[in-house]
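Taking it in order: structure first as structure tokens, then the write-up.
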Amino acid sequence: MATFIGIDYQTWWFLLIGAVFTGYIILDGFDLGAGALHLFFNKEESRRIALNAIGPVWDGNEVWIVIGGGALFAGFPEVYATMLSAFYIPFMLFLVAIIFRAISIEFRSKEPMAWWRKMWDVSYSISSALIAFLLGIILGNVTQGINMGADHVFRGSFTEFLNPYALLTGVTTLALLMMHGSIYLVMKTENRMYTKLTMMVRNTTIFFVIMILLTSFYTLLYLPHMAAVIRRYPELFFVPVLMVLAIANITRQITKRKYMFAFISSAVTISLLMVLVAMELYPNMLLSKQSAAYHLTVYNAASSQKTLGIMLTVAAIGVPLVAGYTTFVFMTFKGKVELDEMSY
Amino acid sequence: MNVEILARIQFAFTIAFHYIYPPLSIGLGLIMTIMEGLYLKTGRKLYEQMARFYVRIFALIFGIGVATGIVMEFEFGTNWAVYSKYVGDVFGSALAAEGIFAFALESGFLGILLFGWNKVRPGVHFFSTVMVTLGSMFSAVWIVVANSWQQTPAGYHIVGTGLNARAEITDFWAMVFNPSSVSRLTHVWIGSFLAGAFLVLSISAFYLLRNRHTHFARISFKIALAVATFFSLAQLAVGHSSAEVVAEYQPAKLAALEGHYDGTKAADMYLFGYVDQKNNQTKGIAIPGGLSFLTKGDFKTPVTGLNNFKPEDRPGAVNFVFQTYHLMVAIGMFLIALTLYASFLWWRGTLFEKRWLLYIFSFSVLLPQIANQVGWYSAEVGRQPWVVYGLLRTSKALSQAVSAEQILFSLILFTVVYVILFILFIYLLNKKIKHGPYDNHNIDHSPRHIEMADSL
């Protein structure tokens, strides 16, 4: 089996795809969160500012899920095929929400009528919240496992995805991204809108802390397999410790009004959550509820060594390029939002 | 209806709708690059106005293209799970390369293209325009490579059997440069340039007919006409080479394109006609032996016909393939005639004097759009019954976990959403066009956000 720095290609791709999806949740996460909060802004001007705060970057952020989807298709076709066909209805709703969100941002500013703008505000906010919620639903079901047999074909009804745990992870994800989004917005605004957002940051953070506590308890009580690795290797306990510290640091930085650091802490929280999930799943990628023998793992679901090797080359060239110009774009639009004739 | 038909209709509908937008983005990207390049070179305000105007149109098109495109990436897995497992090793890497090299590039720089006019220097803005255009062109590269591999597979071997069989890459570059990649990619690019150029021609012709922004419209028209003339002619050569690849590697598809059944005879080339699938014959006006001449070099040599294939190995809808293909060719020929005639008038200095010609041009945006659509219909329906030519049948490629009801649900959902989306798109496009190029004397200086925040 081919390795790179002592780690086999399959594991590299597990890590890389995990990193891409983490990047997606951090980046698109703040604009989804901003969208979910959108209707809490009452004035037309503040809605425009909130929209233009994410205006130049949301499209670039969304690309990360495209890259992640493509990488999953290429690296682990079995997982890609099984997951998407199993989660058919949730993914279709997800895709429709992506479309509504994009066109709401695009169309809203094109007409001055109040009803027109209100309509797109509502559709923008609901679709943003729905995307966040569905991401959580999918995560909740991936951690529980799905109903599939030896042929890796899902045999069940989509209603079983709406179980209590998945609903909990759905709301938790929404809370997480609302917090993340409000911290982003507070960095991009001034004066009274800033003041209003500082309150929102506080409320969404409380909301998230409650939800993550509930989810953690539920996981420990009812999904023991999601803590098995840490039980076996107690030295890994530092990961949840770090996560708690990161969450604590969000509240600390918020009280000190250092929102940049709060934002970094919330990004770190997202990363550590993903690390926890990945750590407990590995080497599995999609669990079968029927038998551990039917799990899709990084080994039985991966593409050939040759393809994984080619893709590593592609990633080695592509990722630094993307990181470079993404940074450039973010630097160009850094600082507080200013509306001009090109704005949404 | 069974799962296969529904899955095909659902996929075909969503991808056909998506394909309205990317060719316009690619084509308009090229024109924007030319306009902004002229602005940088000459410093003339007019070119800047042009670039800014078409960037606003581009934004509308691009946004819908991205949103409807994300759908496509995931529908391989939702509708065609067996196919996804089969081709993942080959197709997936092309798709992943597309994501990282193309989408990231265009979406990253889009922010600067749209909102960066006052934030970066003109040179940096021009660079962003070029990057967005290149990004959109790259995005065509990888998806066309992947699709071409489905038409003419190369650089792979098959591992496993039955539902566990899959294609694995043996030679990456042989996969990328499979026999049809280059000609089909060029064909798609040129089709896109034409889509963009004719959008600009239509808008400009509309202004000229209404006597509005005439100076602006004349210059834009000439830029777009130069692009359109060049690429209409180029498309003839490229389209021909694309057909030669089909003749060599996909004989059943070629036979369907020309409705040619009897493999012991020379093949005719129809100008128009009708395929009678029941009686295995084609009626219409044809150049006798024309297809033989184009593919084999003389009018007498027999060409493989549909009768050489078992009924289950032939495309199901021969007449549909025939008609869509012929419509594409007819439009291509018409575009050549139209652009050559207009260029001739330009050379004579009487380009804008014929109103009937401007009328034709004002509607001409539809022509490359229709040609792009029907061209793909004939390519994809002509590939049937295979999803990967000669290797995997479409009927065997379905998701086993998905029921007909679920697909019907998503089909209805997307139909409703896309109909609304299309109506809004046309409405807003029309509005932007009617509003006209930005006039710098009437800048609506939006209040700065400090004042706004104070009014909360």
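In the structure tokens, the first chain shown is A, the next is B, and so on; residue numbers restart at 1 for each chain, and ligands run from 1 in the order shown.
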
Within 6 Å of chain A, which residues of chain B come that close, and what is the closest atom pair and distance in Å for each? Count only C-alpha atoms and give it as JSON lines.
{"residue": "B:Ala67", "atom": "CA", "partner": "A:Ile99", "partner_atom": "CA", "distance": 5.0}
{"residue": "B:Val71", "atom": "CA", "partner": "A:Leu95", "partner_atom": "CA", "distance": 5.7}
{"residue": "B:Gly77", "atom": "CA", "partner": "A:Ala81", "partner_atom": "CA", "distance": 4.5}
{"residue": "B:Thr78", "atom": "CA", "partner": "A:Ser85", "partner_atom": "CA", "distance": 4.2}
{"residue": "B:Ala81", "atom": "CA", "partner": "A:Ala81", "partner_atom": "CA", "distance": 4.5}
{"residue": "B:Ser84", "atom": "CA", "partner": "A:Ala81", "partner_atom": "CA", "distance": 5.8}
{"residue": "B:Lys85", "atom": "CA", "partner": "A:Pro77", "partner_atom": "CA", "distance": 5.0}
{"residue": "B:Gly88", "atom": "CA", "partner": "A:Pro77", "partner_atom": "CA", "distance": 4.9}
{"residue": "B:Asp89", "atom": "CA", "partner": "A:Ser303", "partner_atom": "CA", "distance": 5.2}
{"residue": "B:Gly92", "atom": "CA", "partner": "A:Ala74", "partner_atom": "CA", "distance": 3.6}
{"residue": "B:Ser93", "atom": "CA", "partner": "A:Ala74", "partner_atom": "CA", "distance": 4.8}
{"residue": "B:Leu95", "atom": "CA", "partner": "A:Gly70", "partner_atom": "CA", "distance": 5.4}
{"residue": "B:Ala96", "atom": "CA", "partner": "A:Gly70", "partner_atom": "CA", "distance": 4.2}
{"residue": "B:Gly99", "atom": "CA", "partner": "A:Ile67", "partner_atom": "CA", "distance": 4.7}
{"residue": "B:Ile100", "atom": "CA", "partner": "A:Gly318", "partner_atom": "CA", "distance": 5.9}
{"residue": "B:Ala104", "atom": "CA", "partner": "A:Val63", "partner_atom": "CA", "distance": 5.9}
{"residue": "B:Ser107", "atom": "CA", "partner": "A:Gly60", "partner_atom": "CA", "distance": 4.7}
{"residue": "B:Gly108", "atom": "CA", "partner": "A:Gly60", "partner_atom": "CA", "distance": 4.8}
{"residue": "B:Gly111", "atom": "CA", "partner": "A:Pro56", "partner_atom": "CA", "distance": 4.1}
{"residue": "B:Phe115", "atom": "CA", "partner": "A:Met342", "partner_atom": "CA", "distance": 5.8}
{"residue": "B:Ala401", "atom": "CA", "partner": "A:Phe154", "partner_atom": "CA", "distance": 5.4}
{"residue": "B:Ser446", "atom": "CA", "partner": "A:Asp340", "partner_atom": "CA", "distance": 5.6}
{"residue": "B:Arg448", "atom": "CA", "partner": "A:Leu339", "partner_atom": "CA", "distance": 5.9}
{"residue": "B:His449", "atom": "CA", "partner": "A:Glu338", "partner_atom": "CA", "distance": 5.8}
{"residue": "B:Met452", "atom": "CA", "partner": "A:Glu45", "partner_atom": "CA", "distance": 6.0}
{"residue": "B:Ala453", "atom": "CA", "partner": "A:Arg192", "partner_atom": "CA", "distance": 5.7}

If we count only C-alpha atoms, what is near Phe127 in chain B at a cut-off of 10 Å, once residues fewer than 2 positions away on the same chain are taken out, given as a PDB file with N, CA and C atoms, in the first residue's frame?
ATOM      1  N   THR B  33     -13.576  40.482 -21.094  1.00  0.00           N
ATOM      2  CA  THR B  33     -12.119  40.587 -21.077  1.00  0.00           C
ATOM      3  C   THR B  33     -11.648  41.491 -22.216  1.00  0.00           C
ATOM      4  N   GLU B  36     -12.685  45.180 -21.314  1.00  0.00           N
ATOM      5  CA  GLU B  36     -11.880  45.781 -20.248  1.00  0.00           C
ATOM      6  C   GLU B  36     -10.426  45.924 -20.679  1.00  0.00           C
ATOM      7  N   GLY B  37      -9.965  44.974 -21.513  1.00  0.00           N
ATOM      8  CA  GLY B  37      -8.615  45.079 -22.055  1.00  0.00           C
ATOM      9  C   GLY B  37      -8.479  46.325 -22.916  1.00  0.00           C
ATOM     10  N   PHE B 109     -12.461  34.999  -7.550  1.00  0.00           N
ATOM     11  CA  PHE B 109     -12.233  36.318  -8.138  1.00  0.00           C
ATOM     12  C   PHE B 109     -13.527  37.042  -8.500  1.00  0.00           C
ATOM     13  N   ILE B 112     -14.173  40.224  -6.542  1.00  0.00           N
ATOM     14  CA  ILE B 112     -13.449  41.422  -6.979  1.00  0.00           C
ATOM     15  C   ILE B 112     -14.044  41.953  -8.279  1.00  0.00           C
ATOM     16  N   LEU B 113     -14.415  41.026  -9.170  1.00  0.00           N
ATOM     17  CA  LEU B 113     -15.009  41.439 -10.445  1.00  0.00           C
ATOM     18  C   LEU B 113     -16.259  42.285 -10.201  1.00  0.00           C
ATOM     19  N   ARG B 121      -6.823  48.493  -8.009  1.00  0.00           N
ATOM     20  CA  ARG B 121      -6.379  49.237  -9.186  1.00  0.00           C
ATOM     21  C   ARG B 121      -6.957  48.597 -10.454  1.00  0.00           C
ATOM     22  N   PRO B 122      -7.102  49.374 -11.542  1.00  0.00           N
ATOM     23  CA  PRO B 122      -7.689  48.818 -12.775  1.00  0.00           C
ATOM     24  C   PRO B 122      -6.977  47.558 -13.260  1.00  0.00           C
ATOM     25  N   GLY B 123      -5.658  47.533 -13.118  1.00  0.00           N
ATOM     26  CA  GLY B 123      -4.905  46.362 -13.568  1.00  0.00           C
ATOM     27  C   GLY B 123      -5.297  45.118 -12.793  1.00  0.00           C
ATOM     28  N   VAL B 124      -5.465  45.278 -11.486  1.00  0.00           N
ATOM     29  CA  VAL B 124      -5.840  44.143 -10.643  1.00  0.00           C
ATOM     30  C   VAL B 124      -7.255  43.706 -10.984  1.00  0.00           C
ATOM     31  N   HIS B 125      -8.116  44.685 -11.264  1.00  0.00           N
ATOM     32  CA  HIS B 125      -9.487  44.322 -11.628  1.00  0.00           C
ATOM     33  C   HIS B 125      -9.502  43.547 -12.942  1.00  0.00           C
ATOM     34  N   THR B 129     -10.937  39.822 -13.849  1.00  0.00           N
ATOM     35  CA  THR B 129     -11.824  39.484 -14.965  1.00  0.00           C
ATOM     36  C   THR B 129     -11.251  38.315 -15.755  1.00  0.00           C
ATOM     37  N   VAL B 130      -9.944  38.396 -16.022  1.00  0.00           N
ATOM     38  CA  VAL B 130      -9.302  37.314 -16.767  1.00  0.00           C
ATOM     39  C   VAL B 130      -9.384  36.003 -15.985  1.00  0.00           C
ATOM     40  N   MET B 131      -9.164  36.074 -14.676  1.00  0.00           N
ATOM     41  CA  MET B 131      -9.204  34.851 -13.863  1.00  0.00           C
ATOM     42  C   MET B 131     -10.600  34.241 -13.848  1.00  0.00           C
ATOM     43  N   VAL B 132     -11.626  35.083 -13.746  1.00  0.00           N
ATOM     44  CA  VAL B 132     -12.997  34.557 -13.749  1.00  0.00           C
ATOM     45  C   VAL B 132     -13.283  33.884 -15.092  1.00  0.00           C
ATOM     46  N   THR B 133     -12.850  34.538 -16.173  1.00  0.00           N
ATOM     47  CA  THR B 133     -13.070  33.957 -17.497  1.00  0.00           C
ATOM     48  C   THR B 133     -12.320  32.639 -17.645  1.00  0.00           C
TER      49      THR B 133
END

Checklist entry - Which neighbours of Asn280 in chain B fall inside 9 Å, counting only C-alpha atoms, when residues of the same chain fewer than 3 positions from it are skipped, and could you give them as a ChimeraX atom specification? => result /B:259-262,275-277,306-307

Since we have the selection now, will you write its residues out, keeping N, CA and C atoms, as a CSV table (one decimal), in the first residue's frame?
chain,number,residue,atom,x,y,z
B,259,GLY,N,-29.5,8.8,-39.3
B,259,GLY,CA,-30.6,7.9,-39.6
B,259,GLY,C,-30.2,6.9,-40.7
B,260,HIS,N,-29.0,6.3,-40.5
B,260,HIS,CA,-28.5,5.4,-41.5
B,260,HIS,C,-28.7,4.0,-41.0
B,261,TYR,N,-29.4,3.1,-41.7
B,261,TYR,CA,-29.7,1.8,-41.2
B,261,TYR,C,-28.9,0.7,-41.9
B,262,ASP,N,-28.9,0.7,-43.3
B,262,ASP,CA,-28.3,-0.4,-44.0
B,262,ASP,C,-26.8,-0.3,-44.1
B,275,VAL,N,-36.9,10.0,-39.5
B,275,VAL,CA,-36.6,8.6,-39.3
B,275,VAL,C,-37.8,7.8,-38.9
B,276,ASP,N,-38.1,6.9,-39.8
B,276,ASP,CA,-39.3,6.0,-39.5
B,276,ASP,C,-38.7,4.8,-38.8
B,277,GLN,N,-38.7,4.8,-37.4
B,277,GLN,CA,-38.1,3.8,-36.7
B,277,GLN,C,-38.7,2.4,-36.8
B,306,LEU,N,-27.4,1.2,-38.5
B,306,LEU,CA,-28.0,0.7,-37.2
B,306,LEU,C,-28.4,-0.8,-37.3
B,307,ASN,N,-28.6,-1.3,-38.5
B,307,ASN,CA,-28.9,-2.7,-38.7
B,307,ASN,C,-27.7,-3.6,-38.3

If we count only C-alpha atoms, what is near Leu28 in chain B at a cut-off of 8 Å, once residues fewer than 3 positions away on the same chain are taken out, given as a compact mmCIF listing (two decimals) with C-alpha atoms, in the first residue's frame?
# COMPACT_ATOMS: atom_id res chain seq x y z
CA LEU B 24 -23.25 32.46 -21.51
CA SER B 25 -20.79 32.96 -18.64
CA ILE B 31 -16.23 39.64 -24.36
CA MET B 32 -15.82 41.36 -20.98
CA TYR B 54 -21.73 43.47 -19.12
CA PHE B 58 -22.67 38.46 -16.17
CA PHE B 193 -18.19 31.98 -27.13
CA ALA B 195 -23.62 32.13 -26.92
CA GLY B 196 -21.90 35.11 -25.25
CA ALA B 197 -21.19 37.00 -28.47
CA LEU B 199 -26.12 37.88 -26.34
CA VAL B 200 -24.11 41.07 -26.83

Checklist entry - Can you list every residue in range 74-303 of chain B that DSSP puts in strand (DSSP E), as number ranges by chain? => result B: 156-159, 166-169, 269-276, 281-287

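Using only C-alpha atoms for every distance, the candidate list B:Ala97, B:Val303, B:Leu291, B:Ile143 yields B:Val303 as the residue closest to Pro251 in chain B.
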
Checklist entry - Near Leu60 in chain B, counting only C-alpha atoms, which residues have an atom at most 10 Å away, once you skip same-chain residues fewer than 3 positions from it, shown as a ChimeraX atom specification? => result /A:103,106-107 /B:21,25,55-57,63-65,425,428-429,432

Checklist entry - Looking only at the backbone, which of the residues in range 257-290 of chain A does DSSP tag as alpha helix (DSSP H), as a VMD selection string? => result chain A and resid 259 to 281

What does the file look like for those residues with C-alpha atoms, as a compact mmCIF listing (two decimals), in the first residue's frame?
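Okay, this is what ended up in result24.txt:
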# COMPACT_ATOMS: atom_id res chain seq x y z
CA TYR A 259 -14.43 39.79 18.08
CA MET A 260 -11.60 38.79 15.81
CA PHE A 261 -10.35 36.40 18.48
CA ALA A 262 -13.88 35.24 19.23
CA PHE A 263 -14.28 34.42 15.54
CA ILE A 264 -11.03 32.47 15.50
CA SER A 265 -12.17 30.59 18.62
CA SER A 266 -15.46 29.71 17.05
CA ALA A 267 -13.61 28.48 13.94
CA VAL A 268 -11.38 26.39 16.23
CA THR A 269 -14.50 25.02 17.94
CA ILE A 270 -15.90 23.92 14.58
CA SER A 271 -12.59 22.29 13.66
CA LEU A 272 -12.36 20.41 16.95
CA LEU A 273 -15.94 19.19 16.66
CA MET A 274 -15.07 17.80 13.25
CA VAL A 275 -11.85 16.28 14.63
CA LEU A 276 -13.85 14.55 17.37
CA VAL A 277 -16.31 13.08 14.88
CA ALA A 278 -13.55 12.02 12.50
CA MET A 279 -11.49 10.49 15.30
CA GLU A 280 -14.39 8.37 16.49
CA LEU A 281 -15.45 7.31 12.99

Checklist entry - Can you tell me, as a PyMOL selection string, what residues are no more than 9 Å from Thr169 in chain A when counting only C-alpha atoms, ignoring any on the same chain fewer than 5 positions away? => result chain A and resi 133+135-140+164+174+211-212+215

Checklist outcome for this item: CA of Gly263 in chain B to CA of Val387 in chain B measures 24.2 Å

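Taking only C-alpha atoms into account, Gly297 in chain B lies nearest to B:Ala266 out of the set B:Ala404, B:Thr350, B:Ala266, B:Gly69.
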